[in-house]
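I have placed the structure first, in the form of C-alpha cells, so that the comments after it can refer back to it.
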Amino acid sequence: MEIIACIKQVPDTESQIKIAPDGKSIVQNDIKWVMNPYDEFGVEEALKLKAKNGGTVTVVSVGPKRVTESIRTALAMGADKGILVEDAATDDGDSFTIAKTLAAVVKNIPYDVIFCGQRAVDDDEAQVGAMLAEMLNIPHVSLVVKEEVDLAAKKVTAEKPIEGATLVTESSLPVLLTTQKGLNEPRYASLPGIMKAKKKPLETKKVADLGLNAEDVGLAGSKLKIMALTPPPQRSAGKIVEGETPQEKAAALVKLLREEAKII
Amino acid sequence: MAQGVMVVCEQRDGEIRKISYEVLSEGKRLADKLGAEMTVVLLGSGIADKAAALGGYGASKVFVADDPNLAVYTAEAYAKAIDGIVKQADPAILLMGASVEGKDLSARLAGKLSTGLAMDCTAVRIDDGRLVATRPIYAGKAFAEVVISSFPQMATTRPNVMTVTPPDTSKSAEVVKVDANLSADDLRTKVLEVRKEAAGKIDLTEADVIVSGGRGMKGPENYKILEELATVLKGTVGASRSAVDAGWRSHSDQVGQTGKVVTPNLYIACGISGAIQHLAGMSGSKVIVAINKDADAPIFQKADYGVVADLFDVVPAMTEEAKKIM
Ligand SMILES: Cc1cc2nc3c(=O)[nH]c(=O)nc-3n(C[C@H](O)[C@H](O)[C@H](O)COP(=O)(O)OP(=O)(O)OC[C@H]3O[C@@H](n4cnc5c(N)ncnc54)[C@H](O)[C@@H]3O)c2cc1C
C-alpha cells in the first residue's frame with residue numbers, strides 16, 4: 001500500500017507572534033519550528049496503515065531548508081522517505097499554490113491514501129487538503145477521527161464529526177483524508193528511529209523539476225494576498241468581582257453579567 | 001464581467017441553518033455597497049419550497065439544485081453542482097459560512113474554480129469595488145487583511161460573528177431550478193450514516209454561551225456542575241486540552257489553538273490557567289469570565305470579570321443565582 005503524508009512546518013504553538021516591520025509578515029527570529037500538530041496525526045495514521053497493509057510511507061513538504069528537520073522527525077517516527085520542494089519560488093504562497101506544488105510532486109508517485117492535517121496552526125487556512133484532492137481528481141474526507149481501509153474492495157470508511165453529529169462516510173480509493181485530534185496518539189520518535197532516519201532518503205526538488213513555472217507558485221502565483229497583519233484587538237484585565245463569600249461573589253457576578261455586560 | 005454577490009446556503013435535513021442567515025445578511029450588505037444583486041445557491045433534495053422566502057433576506061434569485069444525491073452533503077457532488085451555477089451566473093464574490101461543511105466545500109470549490117479563498121473571516125468589506133476580508137491567523141494571535149486577485153473572490157465567515165438582519169417577509173426571490181449534472185465521478189464519497197448526538201447539544205463553534213472546565217475540575221464527574229450552569233444559561237460545555245488529554249471530556253470539546261476556536265457572547269473559564277494555546281482559541285469571545293483560585297493565573301489578564309475563588313463553591317452558587325433571573 002502506498003501512503004503519502006503531507007506535512008508543514010509551523011511556529012511552535014508556544015510562540016508569541018510579533019508582526020514584522022513590513023506589516024505583512026511575522027518576526028521569525030525567536031521562533032521554534034515544529035511539525036504542524038495536525039500533520040502528526042496524518043503521519044501516525046500513515047504508519048498504522050503501513051503496519052497493517054505493508055507498503056511505503058512517503059512524507060512530502062514544501063518550504064525552506066529548515067523543513068528537513070520536520071521531515072526527519074517523520075522519518076524517525078517510521079516513515080520511509082521524504083520529499084521536500086525547497087525553492088525560494090514557493091515562498092509566501094497561498095493554499096492554492098501549495099496544493100498545486102504538492103499535486104505536482106504527488107502525481108508522479110503511486111498512492112492509495114494521502115493524509116493532510118485538517119489545517120495548519122499558522123495560517124489556519126484549512127484548504128490545502130481539499131484543494132489537493134480536487135487537483136488530483138480524487139475524493140477527500142476532511143476532519144477524520146476514524147478510518148478503515150479495505151484494500152481488496154478499494155474503499156475507505158471514515159468518521160467525521162460535524163456540528164451535533166458524526167458522519168460515517170465511504171469513499172473509493174485513492175482518497176485524501178484530512179486528520180485531526182481523536183484519530184490517534186502520534187508516537188514519539190525513538191532513539192533507534194532517530195538514528196535510522198539519518199540514513200533514509202530525503203530528496204529535495206526545485207519547482208522546475210516538477211514542470212511548474214516559478215510565476216505559478218509562491219507569492220507570484222497566489223490568488224490570496226495579505227495586505228496587512230495587525231495584532232488582535234487588545235483585551236485587558238477587567239474587574240475582579242468582590243464579595244465576602246463565594247456565594248456573594250457568584251451573586252455579584254450574575255448581576256454584572258445581566259446589568260453591566262447585558263449578556264445574560 | 002463578474003458581478004454581484006452569491007451566497008451558498010447550508011441546509012441540514014431540509015432546514016436552512018442559522019449560519020446561512022448570518023452569511024445572507026452580510027452578503028446583502030456587500031451587494032448593497034457594490035450596488036449589485038445578491039443571488040443564492042440552495043442544494044438538497046426536496047428543498048425547493050424553502051427558496052422563495054430567501055428573498056426576505058435580500059436575494060433577488062435563488063438557484064436551486066434539487067437532487068436525491070444532494071440530500072446529504074458530500075464535497076465532490078456539492079462542488080460540482082455549484083461550479084456549474086457559478087460559471088453560469090459569474091458572481092464577483094462568493095460567500096458561505098465557515099461551518100464544518102462550509103470550510104470543506106469552499107476549499108474543494110476554490111480548487112475547482114482556481115480562485116482564492118479567505119477562510120473563516122471575522123469581517124468583510126468592499127474597498128474600491130474589491131472584497132477585503134479580515135481573518136484571524138495563529139488562532140487569533142494576529143489578524144490578516146487579505147484580498148483576492150481572481151474571480152469569484154471567495155470567503156467564508158466565522159459562525160456567530162455576523163449580525164443577522166431581520167427578514168422582510170413580504171419579499172420573495174425568483175427561483176431558478178438548475179440541474180446538478182452529477183456523474184458517477186462526483187459520487188465517489190457516500191454518507192452511510194448520520195449519527196446524531198444527544199438532542200440539544202450545541203456545537204462549541206455555534207454556541208452563544210460556553211462554560212469551560214480545565215484541570216481544576218479534578219475529574220470527569222465534576223463537569224456536572226458546569227453542565228447545570230450551561231443549561232441555565234442556554235449554553236454548552238467546553239474544556240482545556242489538559243481535561244481532554246486526561247480523558248475527562250471528548251476531543252470535540254477542546255478549545256484552543258489545536259482545538260476549536262470559539263466566539264461566543266459569553267465564555268466562562270473554570271479552573272483553566274490560561275495557557276497561550278487556550279487563550280488563542282477563546283480570546284475572540286465577547287465577554288470572558290474567569291473563575292480560578294489562583295489570583296495570578298494568566299487567564300485573569302484576558303477576563304472581563306474575574307472571580308478569585310474555589311470553582312466548586314462559585315459555580316453552583318452562580319447556577320442558583322442565574323436560575324432566579326433566567
Ligand atoms: C502543541 C500544543 C498545543 C496545545 N493546544 C492547546 C489547546 O488547543 N487548548 C488548550 O486548552 N491547551 C492547549 N495546550 C496545552 C496548554 O499549554 C496547557 O497545558 C493547558 O491549556 C492547561 O490546561 P488547564 O488550564 O486546564 O490546566 P492547568 O494549567 O493545570 O490549570 C489549572 C488551573 O485550575 C486552577 N484550579 C485548580 N483547582 C481549582 C479550584 N478548585 N477552583 C478554581 N480554580 C482551580 C488552578 O489555579 C490552575 O490555574 C497545547 C499544548 C501544546 C504543547
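Labeling convention for the C-alpha cells: chains A, B, ... as they appear, residues from 1 per chain, ligands from 1 in order of appearance.
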Tell me, as a ChimeraX atom specification, which residues lie within 10 Å of range 275-280 of chain B, counting only C-alpha atoms; anything in the same chain fewer than 5 positions away does not count.
/A:13-16,232 /B:136-142,239-241,254-262,297-299,302
Near chain A, which residues of chain B fall within 7 Å when you count only C-alpha atoms, and what do they look like as a short mmCIF file (atom, residue, chain, number, x, y, z; two decimals) with all heavy atoms, in the first residue's frame?
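Output saved as out.cif:
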```
data_model
loop_
_atom_site.label_atom_id
_atom_site.label_comp_id
_atom_site.auth_asym_id
_atom_site.auth_seq_id
_atom_site.Cartn_x
_atom_site.Cartn_y
_atom_site.Cartn_z
N GLU B 76 -17.59 16.50 -3.14
CA GLU B 76 -17.46 16.48 -4.60
C GLU B 76 -18.77 16.81 -5.30
O GLU B 76 -18.78 17.59 -6.27
CB GLU B 76 -16.98 15.10 -5.05
CG GLU B 76 -15.54 14.84 -4.73
CD GLU B 76 -15.19 13.42 -5.12
OE1 GLU B 76 -15.40 12.52 -4.29
OE2 GLU B 76 -14.72 13.24 -6.24
N VAL B 100 -18.39 23.41 9.52
CA VAL B 100 -17.61 22.25 9.08
C VAL B 100 -17.84 22.03 7.59
O VAL B 100 -16.91 21.86 6.81
CB VAL B 100 -18.01 20.99 9.89
CG1 VAL B 100 -17.39 19.74 9.29
CG2 VAL B 100 -17.59 21.14 11.35
N ASP B 104 -15.12 22.88 4.28
CA ASP B 104 -14.75 21.75 3.42
C ASP B 104 -15.13 22.04 1.97
O ASP B 104 -14.32 21.92 1.05
CB ASP B 104 -15.50 20.52 3.95
CG ASP B 104 -15.05 19.24 3.28
OD1 ASP B 104 -13.84 18.98 3.30
OD2 ASP B 104 -15.90 18.52 2.74
N ALA B 107 -13.19 25.01 0.18
CA ALA B 107 -11.82 24.69 -0.22
C ALA B 107 -11.82 23.84 -1.50
O ALA B 107 -11.06 24.10 -2.43
CB ALA B 107 -11.11 23.94 0.91
N ARG B 108 -12.68 22.84 -1.54
CA ARG B 108 -12.75 21.98 -2.74
C ARG B 108 -13.18 22.84 -3.95
O ARG B 108 -12.63 22.73 -5.04
CB ARG B 108 -13.74 20.85 -2.50
CG ARG B 108 -13.88 19.89 -3.66
CD ARG B 108 -13.22 18.56 -3.39
NE ARG B 108 -12.95 17.84 -4.63
CZ ARG B 108 -12.39 16.65 -4.71
NH1 ARG B 108 -12.01 16.04 -3.62
NH2 ARG B 108 -12.18 16.08 -5.86
N GLY B 111 -10.55 25.15 -5.32
CA GLY B 111 -9.64 24.37 -6.15
C GLY B 111 -10.21 24.16 -7.55
O GLY B 111 -9.52 24.30 -8.55
N LYS B 112 -11.49 23.87 -7.61
CA LYS B 112 -12.16 23.64 -8.89
C LYS B 112 -12.22 24.92 -9.72
O LYS B 112 -12.01 24.91 -10.92
CB LYS B 112 -13.58 23.15 -8.61
CG LYS B 112 -14.12 22.10 -9.55
CD LYS B 112 -15.53 21.73 -9.09
CE LYS B 112 -16.03 20.41 -9.60
NZ LYS B 112 -15.13 19.31 -9.75
N THR B 115 -9.57 29.66 -7.82
CA THR B 115 -9.65 31.02 -7.29
C THR B 115 -9.18 31.07 -5.85
O THR B 115 -8.96 30.03 -5.22
CB THR B 115 -11.10 31.56 -7.44
OG1 THR B 115 -11.08 32.97 -7.24
CG2 THR B 115 -12.06 30.92 -6.46
N GLY B 116 -9.03 32.28 -5.33
CA GLY B 116 -8.56 32.46 -3.96
C GLY B 116 -9.71 32.43 -2.97
O GLY B 116 -10.84 32.81 -3.30
N LEU B 117 -9.40 31.99 -1.76
CA LEU B 117 -10.43 31.82 -0.74
C LEU B 117 -9.91 32.35 0.60
O LEU B 117 -8.86 31.93 1.07
CB LEU B 117 -10.76 30.32 -0.63
CG LEU B 117 -11.50 29.80 0.60
CD1 LEU B 117 -12.88 30.44 0.71
CD2 LEU B 117 -11.63 28.28 0.53
N MET B 119 -10.54 32.14 4.31
CA MET B 119 -11.27 31.22 5.18
C MET B 119 -11.54 31.83 6.55
O MET B 119 -10.68 32.48 7.12
CB MET B 119 -10.43 29.95 5.33
CG MET B 119 -11.16 28.79 5.97
SD MET B 119 -12.49 28.16 4.95
CE MET B 119 -11.68 26.79 4.13
N ILE B 137 -5.35 34.70 12.20
CA ILE B 137 -4.38 33.65 11.92
C ILE B 137 -3.67 33.31 13.24
O ILE B 137 -3.83 34.05 14.22
CB ILE B 137 -3.37 34.06 10.82
CG1 ILE B 137 -2.68 35.38 11.16
CG2 ILE B 137 -4.08 34.17 9.47
CD1 ILE B 137 -1.61 35.79 10.15
N TYR B 138 -2.93 32.24 13.26
CA TYR B 138 -2.35 31.77 14.52
C TYR B 138 -3.43 31.72 15.60
O TYR B 138 -3.22 32.17 16.73
CB TYR B 138 -1.18 32.65 14.96
CG TYR B 138 -0.05 32.67 13.96
CD1 TYR B 138 0.01 33.65 12.97
CD2 TYR B 138 0.92 31.68 13.97
CE1 TYR B 138 1.02 33.65 12.02
CE2 TYR B 138 1.92 31.67 13.02
CZ TYR B 138 1.97 32.65 12.05
OH TYR B 138 2.96 32.65 11.11
N ALA B 139 -4.60 31.20 15.19
CA ALA B 139 -5.75 31.07 16.11
C ALA B 139 -6.07 32.38 16.81
O ALA B 139 -6.53 32.39 17.94
CB ALA B 139 -5.52 29.95 17.11
N GLY B 140 -5.83 33.50 16.15
CA GLY B 140 -6.21 34.78 16.73
C GLY B 140 -5.07 35.53 17.38
O GLY B 140 -5.27 36.60 17.95
N LYS B 141 -3.83 35.00 17.28
CA LYS B 141 -2.69 35.75 17.83
C LYS B 141 -2.35 36.92 16.91
O LYS B 141 -1.59 37.82 17.28
CB LYS B 141 -1.47 34.84 17.99
CG LYS B 141 -1.62 33.80 19.10
CD LYS B 141 -0.35 32.97 19.21
CE LYS B 141 -0.56 31.68 19.96
NZ LYS B 141 0.58 30.75 19.78
N ALA B 142 -2.85 36.90 15.67
CA ALA B 142 -2.71 38.03 14.75
C ALA B 142 -3.90 38.01 13.79
O ALA B 142 -4.59 37.00 13.66
CB ALA B 142 -1.41 37.93 13.96
N PHE B 143 -4.16 39.16 13.17
CA PHE B 143 -5.24 39.25 12.19
C PHE B 143 -4.64 39.64 10.85
O PHE B 143 -3.76 40.50 10.79
CB PHE B 143 -6.27 40.30 12.61
CG PHE B 143 -7.25 39.79 13.65
CD1 PHE B 143 -6.81 39.36 14.89
CD2 PHE B 143 -8.61 39.76 13.37
CE1 PHE B 143 -7.71 38.88 15.84
CE2 PHE B 143 -9.51 39.28 14.32
CZ PHE B 143 -9.07 38.84 15.55
N ALA B 144 -5.13 39.00 9.78
CA ALA B 144 -4.64 39.33 8.44
C ALA B 144 -5.75 39.98 7.64
O ALA B 144 -6.90 39.54 7.69
CB ALA B 144 -4.16 38.07 7.73
N GLU B 145 -5.39 41.04 6.91
CA GLU B 145 -6.32 41.63 5.98
C GLU B 145 -5.91 41.13 4.60
O GLU B 145 -4.77 41.31 4.19
CB GLU B 145 -6.21 43.15 6.03
CG GLU B 145 -7.56 43.79 6.03
CD GLU B 145 -7.49 45.27 6.26
OE1 GLU B 145 -6.86 45.96 5.43
OE2 GLU B 145 -8.04 45.72 7.26
N VAL B 146 -6.84 40.49 3.90
CA VAL B 146 -6.48 39.84 2.64
C VAL B 146 -7.38 40.29 1.50
O VAL B 146 -8.52 40.69 1.71
CB VAL B 146 -6.55 38.29 2.77
CG1 VAL B 146 -5.54 37.78 3.78
CG2 VAL B 146 -7.94 37.82 3.14
N VAL B 147 -6.82 40.23 0.30
CA VAL B 147 -7.60 40.47 -0.92
C VAL B 147 -7.36 39.30 -1.86
O VAL B 147 -6.40 38.55 -1.72
CB VAL B 147 -7.20 41.79 -1.63
CG1 VAL B 147 -7.54 42.99 -0.77
CG2 VAL B 147 -5.72 41.78 -1.99
N ILE B 148 -8.25 39.16 -2.83
CA ILE B 148 -8.18 38.03 -3.75
C ILE B 148 -8.10 38.58 -5.17
O ILE B 148 -8.92 39.42 -5.57
CB ILE B 148 -9.42 37.12 -3.57
CG1 ILE B 148 -9.37 36.50 -2.17
CG2 ILE B 148 -9.49 36.05 -4.65
CD1 ILE B 148 -10.68 35.99 -1.66
N SER B 149 -7.13 38.09 -5.93
CA SER B 149 -6.87 38.67 -7.24
C SER B 149 -7.63 37.97 -8.36
O SER B 149 -7.53 38.34 -9.51
CB SER B 149 -5.37 38.63 -7.53
OG SER B 149 -4.93 37.29 -7.48
N SER B 150 -8.38 36.92 -8.02
CA SER B 150 -9.11 36.16 -9.05
C SER B 150 -10.61 36.24 -8.77
O SER B 150 -11.03 36.68 -7.70
CB SER B 150 -8.63 34.71 -9.01
OG SER B 150 -8.66 34.23 -7.67
N ARG B 188 -18.10 9.63 -5.52
CA ARG B 188 -17.14 8.66 -5.01
C ARG B 188 -17.15 8.58 -3.49
O ARG B 188 -16.56 7.68 -2.91
CB ARG B 188 -15.73 8.99 -5.54
CG ARG B 188 -15.63 8.76 -7.06
CD ARG B 188 -14.28 9.15 -7.60
NE ARG B 188 -14.07 10.59 -7.55
CZ ARG B 188 -13.08 11.22 -8.19
NH1 ARG B 188 -12.21 10.53 -8.91
NH2 ARG B 188 -12.96 12.53 -8.11
N THR B 189 -17.76 9.58 -2.85
CA THR B 189 -17.95 9.51 -1.40
C THR B 189 -19.44 9.45 -1.11
O THR B 189 -20.22 10.24 -1.66
CB THR B 189 -17.33 10.73 -0.71
OG1 THR B 189 -15.91 10.71 -0.92
CG2 THR B 189 -17.59 10.72 0.79
N LYS B 190 -19.82 8.50 -0.26
CA LYS B 190 -21.23 8.37 0.15
C LYS B 190 -21.29 8.54 1.67
O LYS B 190 -20.38 8.12 2.37
CB LYS B 190 -21.75 6.95 -0.12
CG LYS B 190 -21.93 6.58 -1.55
CD LYS B 190 -22.81 5.31 -1.65
CE LYS B 190 -22.10 4.06 -1.19
NZ LYS B 190 -21.55 3.21 -2.22
N VAL B 191 -22.37 9.12 2.15
CA VAL B 191 -22.58 9.14 3.59
C VAL B 191 -23.41 7.92 3.95
O VAL B 191 -24.54 7.76 3.50
CB VAL B 191 -23.27 10.44 4.04
CG1 VAL B 191 -23.62 10.37 5.53
CG2 VAL B 191 -22.37 11.63 3.76
N LEU B 192 -22.82 7.02 4.75
CA LEU B 192 -23.52 5.79 5.10
C LEU B 192 -24.48 6.02 6.25
O LEU B 192 -25.51 5.38 6.37
CB LEU B 192 -22.51 4.70 5.52
CG LEU B 192 -21.44 4.31 4.49
CD1 LEU B 192 -20.51 3.26 5.10
CD2 LEU B 192 -22.08 3.78 3.23
N GLU B 193 -24.08 6.95 7.14
CA GLU B 193 -24.85 7.11 8.37
C GLU B 193 -24.61 8.50 8.96
O GLU B 193 -23.50 8.99 8.90
CB GLU B 193 -24.38 6.03 9.36
CG GLU B 193 -25.22 5.87 10.58
CD GLU B 193 -24.56 4.96 11.63
OE1 GLU B 193 -23.61 4.21 11.29
OE2 GLU B 193 -24.99 5.04 12.79
N VAL B 194 -25.66 9.09 9.50
CA VAL B 194 -25.51 10.33 10.27
C VAL B 194 -25.86 9.98 11.71
O VAL B 194 -27.00 9.69 12.03
CB VAL B 194 -26.47 11.44 9.75
CG1 VAL B 194 -26.27 12.73 10.54
CG2 VAL B 194 -26.26 11.67 8.26
N ARG B 195 -24.83 9.99 12.55
CA ARG B 195 -25.04 9.59 13.94
C ARG B 195 -25.24 10.84 14.77
O ARG B 195 -24.29 11.57 15.06
CB ARG B 195 -23.79 8.85 14.42
CG ARG B 195 -24.08 7.50 15.00
CD ARG B 195 -22.80 6.89 15.50
NE ARG B 195 -22.26 5.92 14.57
CZ ARG B 195 -20.96 5.66 14.44
NH1 ARG B 195 -20.06 6.32 15.14
NH2 ARG B 195 -20.54 4.75 13.59
N LYS B 196 -26.47 11.11 15.14
CA LYS B 196 -26.75 12.35 15.86
C LYS B 196 -26.34 12.26 17.32
O LYS B 196 -26.49 11.23 17.96
CB LYS B 196 -28.24 12.67 15.77
CG LYS B 196 -28.67 12.94 14.34
CD LYS B 196 -29.74 14.04 14.28
CE LYS B 196 -29.94 14.52 12.86
NZ LYS B 196 -30.85 13.70 12.08
N GLU B 197 -25.83 13.37 17.83
CA GLU B 197 -25.50 13.42 19.25
C GLU B 197 -26.78 13.68 20.03
O GLU B 197 -27.80 14.02 19.45
CB GLU B 197 -24.51 14.56 19.51
CG GLU B 197 -23.08 14.13 19.27
CD GLU B 197 -22.14 15.31 19.22
OE1 GLU B 197 -22.44 16.34 19.86
OE2 GLU B 197 -21.14 15.21 18.51
N LYS B 201 -27.60 19.26 22.17
CA LYS B 201 -26.18 19.61 22.36
C LYS B 201 -25.78 20.64 21.30
O LYS B 201 -25.88 20.38 20.10
CB LYS B 201 -25.33 18.34 22.27
CG LYS B 201 -23.83 18.59 22.15
CD LYS B 201 -23.10 18.27 23.45
CE LYS B 201 -21.59 18.27 23.25
NZ LYS B 201 -20.83 19.39 23.74
N ILE B 202 -25.35 21.80 21.77
CA ILE B 202 -24.98 22.86 20.83
C ILE B 202 -23.48 22.75 20.57
O ILE B 202 -22.70 22.55 21.49
CB ILE B 202 -25.26 24.26 21.44
CG1 ILE B 202 -26.65 24.32 22.06
CG2 ILE B 202 -25.08 25.35 20.39
CD1 ILE B 202 -26.86 25.48 23.01
N ASP B 203 -23.08 22.87 19.30
CA ASP B 203 -21.66 22.80 18.99
C ASP B 203 -20.94 24.04 19.53
O ASP B 203 -21.47 25.15 19.49
CB ASP B 203 -21.46 22.71 17.48
CG ASP B 203 -20.04 22.29 17.15
OD1 ASP B 203 -19.75 21.10 17.29
OD2 ASP B 203 -19.23 23.16 16.76
N HIS B 251 -12.68 14.83 22.56
CA HIS B 251 -11.80 15.67 21.76
C HIS B 251 -12.53 16.87 21.16
O HIS B 251 -11.97 17.94 21.02
CB HIS B 251 -11.18 14.86 20.63
CG HIS B 251 -10.27 13.79 21.12
ND1 HIS B 251 -9.16 14.07 21.88
CD2 HIS B 251 -10.31 12.45 20.99
CE1 HIS B 251 -8.56 12.93 22.20
NE2 HIS B 251 -9.24 11.94 21.67
N GLN B 257 -5.83 26.59 20.30
CA GLN B 257 -5.13 26.66 19.02
C GLN B 257 -5.13 25.31 18.31
O GLN B 257 -5.13 25.25 17.09
CB GLN B 257 -3.68 27.14 19.23
CG GLN B 257 -3.00 27.51 17.92
CD GLN B 257 -1.69 28.23 18.14
OE1 GLN B 257 -1.26 28.44 19.27
NE2 GLN B 257 -1.05 28.63 17.06
N ASN B 265 -20.83 34.78 22.93
CA ASN B 265 -21.05 36.05 23.62
C ASN B 265 -20.42 36.02 25.00
O ASN B 265 -19.94 37.01 25.50
CB ASN B 265 -22.55 36.33 23.77
CG ASN B 265 -23.15 36.77 22.45
OD1 ASN B 265 -22.50 37.48 21.68
ND2 ASN B 265 -24.36 36.33 22.18
N LEU B 266 -20.50 34.83 25.61
CA LEU B 266 -20.00 34.70 26.98
C LEU B 266 -19.19 33.41 27.11
O LEU B 266 -19.68 32.33 26.77
CB LEU B 266 -21.21 34.67 27.94
CG LEU B 266 -20.91 34.42 29.42
CD1 LEU B 266 -20.00 35.49 30.00
CD2 LEU B 266 -22.22 34.36 30.21
N ILE B 276 -1.16 29.98 26.60
CA ILE B 276 -1.22 30.74 25.34
C ILE B 276 -2.09 30.02 24.29
O ILE B 276 -2.87 30.65 23.58
CB ILE B 276 0.21 31.04 24.82
CG1 ILE B 276 0.16 31.95 23.58
CG2 ILE B 276 1.01 29.78 24.53
CD1 ILE B 276 1.51 32.53 23.19
N GLN B 277 -2.01 28.69 24.24
CA GLN B 277 -2.79 27.96 23.23
C GLN B 277 -4.28 27.99 23.55
O GLN B 277 -5.11 27.95 22.66
CB GLN B 277 -2.35 26.49 23.16
CG GLN B 277 -0.92 26.26 22.75
CD GLN B 277 0.01 26.07 23.93
OE1 GLN B 277 -0.33 26.39 25.06
NE2 GLN B 277 1.19 25.56 23.67
N PHE B 300 -6.72 35.65 34.05
CA PHE B 300 -7.30 36.90 34.55
C PHE B 300 -6.89 38.11 33.71
O PHE B 300 -7.57 39.11 33.67
CB PHE B 300 -6.94 37.13 36.03
CG PHE B 300 -7.69 36.20 36.97
CD1 PHE B 300 -6.99 35.35 37.82
CD2 PHE B 300 -9.07 36.20 36.99
CE1 PHE B 300 -7.68 34.50 38.67
CE2 PHE B 300 -9.77 35.34 37.85
CZ PHE B 300 -9.07 34.49 38.69
N GLN B 301 -5.75 37.99 33.02
CA GLN B 301 -5.29 39.09 32.16
C GLN B 301 -6.21 39.30 30.97
O GLN B 301 -6.17 40.33 30.31
CB GLN B 301 -3.87 38.82 31.65
CG GLN B 301 -2.82 38.70 32.74
CD GLN B 301 -2.77 39.94 33.62
OE1 GLN B 301 -2.85 41.06 33.13
NE2 GLN B 301 -2.69 39.72 34.93
N LYS B 302 -7.00 38.29 30.63
CA LYS B 302 -7.88 38.37 29.46
C LYS B 302 -9.35 38.46 29.85
O LYS B 302 -10.22 38.56 29.00
CB LYS B 302 -7.71 37.12 28.58
CG LYS B 302 -6.33 36.92 28.05
CD LYS B 302 -6.10 37.79 26.81
CE LYS B 302 -4.65 37.68 26.39
NZ LYS B 302 -4.30 38.57 25.31
N ALA B 303 -9.61 38.35 31.15
CA ALA B 303 -11.01 38.23 31.58
C ALA B 303 -11.64 39.59 31.84
O ALA B 303 -11.02 40.47 32.43
CB ALA B 303 -11.09 37.37 32.84
N ASP B 304 -12.86 39.77 31.39
CA ASP B 304 -13.61 40.99 31.71
C ASP B 304 -14.03 40.96 33.17
O ASP B 304 -14.08 41.97 33.83
CB ASP B 304 -14.84 41.08 30.81
CG ASP B 304 -14.45 41.11 29.34
OD1 ASP B 304 -13.99 42.17 28.91
OD2 ASP B 304 -14.55 40.06 28.66
N TYR B 305 -14.38 39.75 33.64
CA TYR B 305 -14.76 39.58 35.03
C TYR B 305 -13.99 38.41 35.61
O TYR B 305 -14.02 37.31 35.06
CB TYR B 305 -16.26 39.32 35.16
CG TYR B 305 -17.09 40.46 34.61
CD1 TYR B 305 -17.71 40.36 33.37
CD2 TYR B 305 -17.22 41.66 35.32
CE1 TYR B 305 -18.45 41.41 32.85
CE2 TYR B 305 -17.96 42.72 34.81
CZ TYR B 305 -18.56 42.59 33.57
OH TYR B 305 -19.29 43.63 33.06
N GLY B 306 -13.29 38.66 36.69
CA GLY B 306 -12.53 37.60 37.33
C GLY B 306 -13.11 37.29 38.70
O GLY B 306 -13.47 38.21 39.45
N VAL B 307 -13.21 36.02 39.02
CA VAL B 307 -13.63 35.63 40.36
C VAL B 307 -12.51 34.77 40.94
O VAL B 307 -12.22 33.69 40.43
CB VAL B 307 -14.95 34.82 40.34
CG1 VAL B 307 -15.37 34.46 41.76
CG2 VAL B 307 -16.04 35.59 39.63
N ALA B 309 -11.68 32.46 43.49
CA ALA B 309 -12.34 31.61 44.49
C ALA B 309 -12.31 30.17 44.01
O ALA B 309 -11.90 29.88 42.88
CB ALA B 309 -13.79 32.05 44.67
N ASP B 313 -17.33 26.12 44.83
CA ASP B 313 -18.29 26.94 45.58
C ASP B 313 -19.02 27.90 44.64
O ASP B 313 -20.22 28.10 44.76
CB ASP B 313 -17.56 27.78 46.64
CG ASP B 313 -16.89 26.91 47.68
OD1 ASP B 313 -17.44 25.83 47.98
OD2 ASP B 313 -15.80 27.29 48.17
N VAL B 314 -18.25 28.53 43.72
CA VAL B 314 -18.81 29.61 42.92
C VAL B 314 -19.77 29.11 41.85
O VAL B 314 -20.84 29.68 41.65
CB VAL B 314 -17.68 30.44 42.25
CG1 VAL B 314 -18.26 31.49 41.33
CG2 VAL B 314 -16.81 31.08 43.32
N ALA B 317 -23.27 28.15 43.03
CA ALA B 317 -23.95 29.37 43.50
C ALA B 317 -24.40 30.22 42.32
O ALA B 317 -25.48 30.81 42.33
CB ALA B 317 -23.02 30.16 44.43
N MET B 318 -23.55 30.29 41.29
CA MET B 318 -23.91 31.03 40.08
C MET B 318 -25.14 30.44 39.42
O MET B 318 -26.02 31.14 38.94
CB MET B 318 -22.77 30.93 39.06
CG MET B 318 -21.92 32.13 38.94
SD MET B 318 -20.80 31.89 37.54
CE MET B 318 -21.67 32.77 36.24
N GLU B 321 -28.13 31.55 41.29
CA GLU B 321 -28.41 32.97 41.03
C GLU B 321 -29.00 33.15 39.64
O GLU B 321 -29.94 33.92 39.43
CB GLU B 321 -27.13 33.80 41.16
CG GLU B 321 -26.60 33.94 42.56
CD GLU B 321 -27.56 34.68 43.49
OE1 GLU B 321 -28.28 35.58 43.01
OE2 GLU B 321 -27.61 34.32 44.68
N ALA B 322 -28.41 32.45 38.67
CA ALA B 322 -28.85 32.60 37.28
C ALA B 322 -30.27 32.09 37.11
O ALA B 322 -31.07 32.67 36.36
CB ALA B 322 -27.90 31.88 36.34
#
```
Which residues come within 10 Å of Gly82 in chain A, counting only C-alpha atoms, excluding same-chain residues fewer than 3 positions away, as an MDAnalysis selection string?
chainID A and resid 4:6 57:61 68 71:72 74:75 79 200:204
For Met77 in chain A, work out the shell of residues within 10 Å, counting only C-alpha atoms and skipping chain neighbours fewer than 4 positions away, then give it as a list in words.
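Result of the neighbour search: Glu40, Val43, Glu44, Leu47, Ile71, Arg72, Thr73, Pro186, Arg187, Tyr188, Ala189, Ser190, Leu191, Pro192, Gly193, Ile194, Lys196 and Ala197 of chain A.
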Counting only C-alpha atoms, what is within 12 Å of Gly97 in chain B, bar same-chain residues fewer than 6 positions away, as a ChimeraX atom specification?
/B:7-11,16-27,103-106,118-122,154-162,205-206
Excluding Glu215 in chain A and any residue of its chain fewer than 5 positions from it, enumerate the residues within 10 Å of it, using only C-alpha atoms, and give them as number ranges by chain.
A: 89-90, 220-222
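Ranking A:Ile83, A:Lys198, A:Asp12, A:Ile109 by their shortest atom-to-atom distance to ligand 1, with only C-alpha atoms and all ligand atoms included, puts A:Asp12 first.
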Range 15-254 of chain A: which residues are strand (DSSP E or B) by DSSP, as a ChimeraX atom specification?
/A:19,26,33-35,56-62,81-85,113-117,140-144,146-150,155-162,165-172,175-179,202-205,224-230,239-240
For a test of reading the model, state the distance in Å between CA of Thr74 in chain B and CA of Ala103 in chain A, rounded to one decimal.
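Computing the Euclidean distance for CA of Thr74 in chain B and CA of Ala103 in chain A yields 21.8 Å.
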State, in Å with one decimal place, the distance from CA of Lys177 in chain B to CA of Asp13 in chain B.
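Between CA of Lys177 in chain B and CA of Asp13 in chain B the gap works out to 19.6 Å.
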